[in-house]
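A.B. asks: What follows is the file structure34.pdb, containing PDB, C-alpha atoms:
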```
MODEL        1
ATOM      1  CA  MET A   1       8.494  -6.795  18.568
ATOM      2  CA  ALA A   2       8.512  -8.274  15.055
ATOM      3  CA  ARG A   3       9.027  -6.059  12.037
ATOM      4  CA  MET A   4       6.149  -5.482   9.671
ATOM      5  CA  ARG A   5       6.341  -7.206   6.297
ATOM      6  CA  ARG A   6       5.276  -5.557   3.093
ATOM      7  CA  LYS A   7       2.366  -7.153   1.277
ATOM      8  CA  ALA A   8       4.628  -7.623  -1.761
ATOM      9  CA  ASP A   9       6.988  -9.751   0.379
ATOM     10  CA  LEU A  10       4.281 -12.252   1.440
ATOM     11  CA  PRO A  11       4.026 -15.694  -0.205
ATOM     12  CA  VAL A  12       1.472 -15.997  -3.010
ATOM     13  CA  LYS A  13      -0.544 -18.968  -4.341
ATOM     14  CA  THR A  14      -2.961 -19.418  -7.224
ATOM     15  CA  CYS A  15      -6.542 -20.387  -6.437
ATOM     16  CA  ALA A  16      -7.416 -23.913  -7.623
ATOM     17  CA  ARG A  17     -10.935 -22.770  -8.596
ATOM     18  CA  CYS A  18     -10.718 -19.304 -10.189
ATOM     19  CA  GLY A  19      -7.001 -19.154 -11.007
ATOM     20  CA  ARG A  20      -6.450 -15.782  -9.348
ATOM     21  CA  PRO A  21      -3.393 -15.177  -7.178
ATOM     22  CA  PHE A  22      -3.912 -14.651  -3.441
ATOM     23  CA  ALA A  23      -1.516 -13.721  -0.666
ATOM     24  CA  TRP A  24      -0.719 -15.311   2.687
ATOM     25  CA  ARG A  25      -2.949 -14.295   5.602
ATOM     26  CA  LYS A  26      -2.224 -14.443   9.304
ATOM     27  CA  LYS A  27      -5.208 -16.771   9.895
ATOM     28  CA  TRP A  28      -3.616 -19.294   7.491
ATOM     29  CA  GLU A  29      -0.257 -19.211   9.295
ATOM     30  CA  ARG A  30      -0.389 -22.830  10.520
ATOM     31  CA  VAL A  31      -2.187 -24.362   7.512
ATOM     32  CA  TRP A  32      -0.638 -22.430   4.585
ATOM     33  CA  GLU A  33       0.501 -25.655   2.886
ATOM     34  CA  GLU A  34      -3.106 -26.936   2.856
ATOM     35  CA  VAL A  35      -4.798 -23.737   1.590
ATOM     36  CA  ARG A  36      -6.020 -24.188  -2.008
ATOM     37  CA  TYR A  37      -8.771 -21.610  -2.501
ATOM     38  CA  CYS A  38      -8.770 -17.822  -2.232
ATOM     39  CA  SER A  39     -12.203 -17.570  -0.591
ATOM     40  CA  ASP A  40     -15.122 -19.461   0.921
ATOM     41  CA  ARG A  41     -17.029 -18.889  -2.309
ATOM     42  CA  CYS A  42     -14.378 -20.629  -4.449
ATOM     43  CA  ARG A  43     -14.150 -23.487  -1.948
ATOM     44  CA  ALA A  44     -17.935 -23.968  -1.980
ATOM     45  CA  GLU A  45     -18.139 -23.818  -5.790
ATOM     46  CA  ALA A  46     -15.353 -26.380  -6.130
ATOM     47  CA  LYS A  47     -17.080 -28.701  -3.669
ATOM     48  CA  ARG A  48     -20.426 -28.268  -5.432
ATOM     49  CA  GLY A  49     -18.820 -28.957  -8.806
ATOM     50  CA  ARG A  50     -17.317 -32.246  -7.625
ATOM     51  CA  THR A  51     -20.528 -33.720  -6.268
ATOM     52  CA  GLY A  52     -22.951 -32.553  -8.932
TER      53      GLY A  52
ENDMDL
END
```
Please lay out the structure from this file as structure tokens.

C.D. replies:
Amino acid sequence: MARMRRKADLPVKTCARCGRPFAWRKKWERVWEEVRYCSDRCRAEAKRGRTG
């Protein structure tokens, strides 16, 4: 069984929309390089801002 990692040991990125740091999540394991936003809200606001 794999050892647990501390939250402080996880990779961190900065959100392209709000500028806040966010940590790696298991659901992003395969697409971590493509993740740009910390939440669905930031992603939607960024998309809305581009088109309008």

A.B. asks: So the first atom is atom CA of A:Arg48 and the second is atom CA of A:Val12; what is the distance between them in Å, to one decimal place?

C.D. replies: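 We find that atom CA of A:Arg48 and atom CA of A:Val12 lie 25.2 Å from each other.
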
A.B. asks: Which residues would end up in the selection if the PyMOL selection byres ((chain A and resi 24) around 10) were applied here, given that I need the answer as a list in words?

C.D. replies: Lys7, Asp9, Leu10, Pro11, Val12, Lys13, Phe22, Ala23, Arg25, Lys26, Lys27, Trp28, Glu29, Trp32, Val35 and Cys38 of chain A

A.B. asks: I want to know what sits within 12 Å of A:Gly19, based on only C-alpha atoms, with residues of the same chain fewer than 3 positions away left out; could you give that as a PyMOL selection string?

C.D. replies: chain A and resi 13-16+22+36-39+42

A.B. asks: If you measure from atom CA of A:Glu45 to atom CA of A:Arg17, what distance in Å do you get, rounded to one decimal?

C.D. replies: 7.8 Å

A.B. asks: Go ahead and fit an axis-aligned box to every listed atom of stretch 22-39 of chain A plus 4 Å each side, and pass me the centre and edge lengths in Å, one decimal, as lines of an AutoDock Vina configuration file.

C.D. replies:
```
center_x = -5.9
center_y = -20.3
center_z = 3.5
size_x = 20.7
size_y = 21.2
size_z = 22.0
```
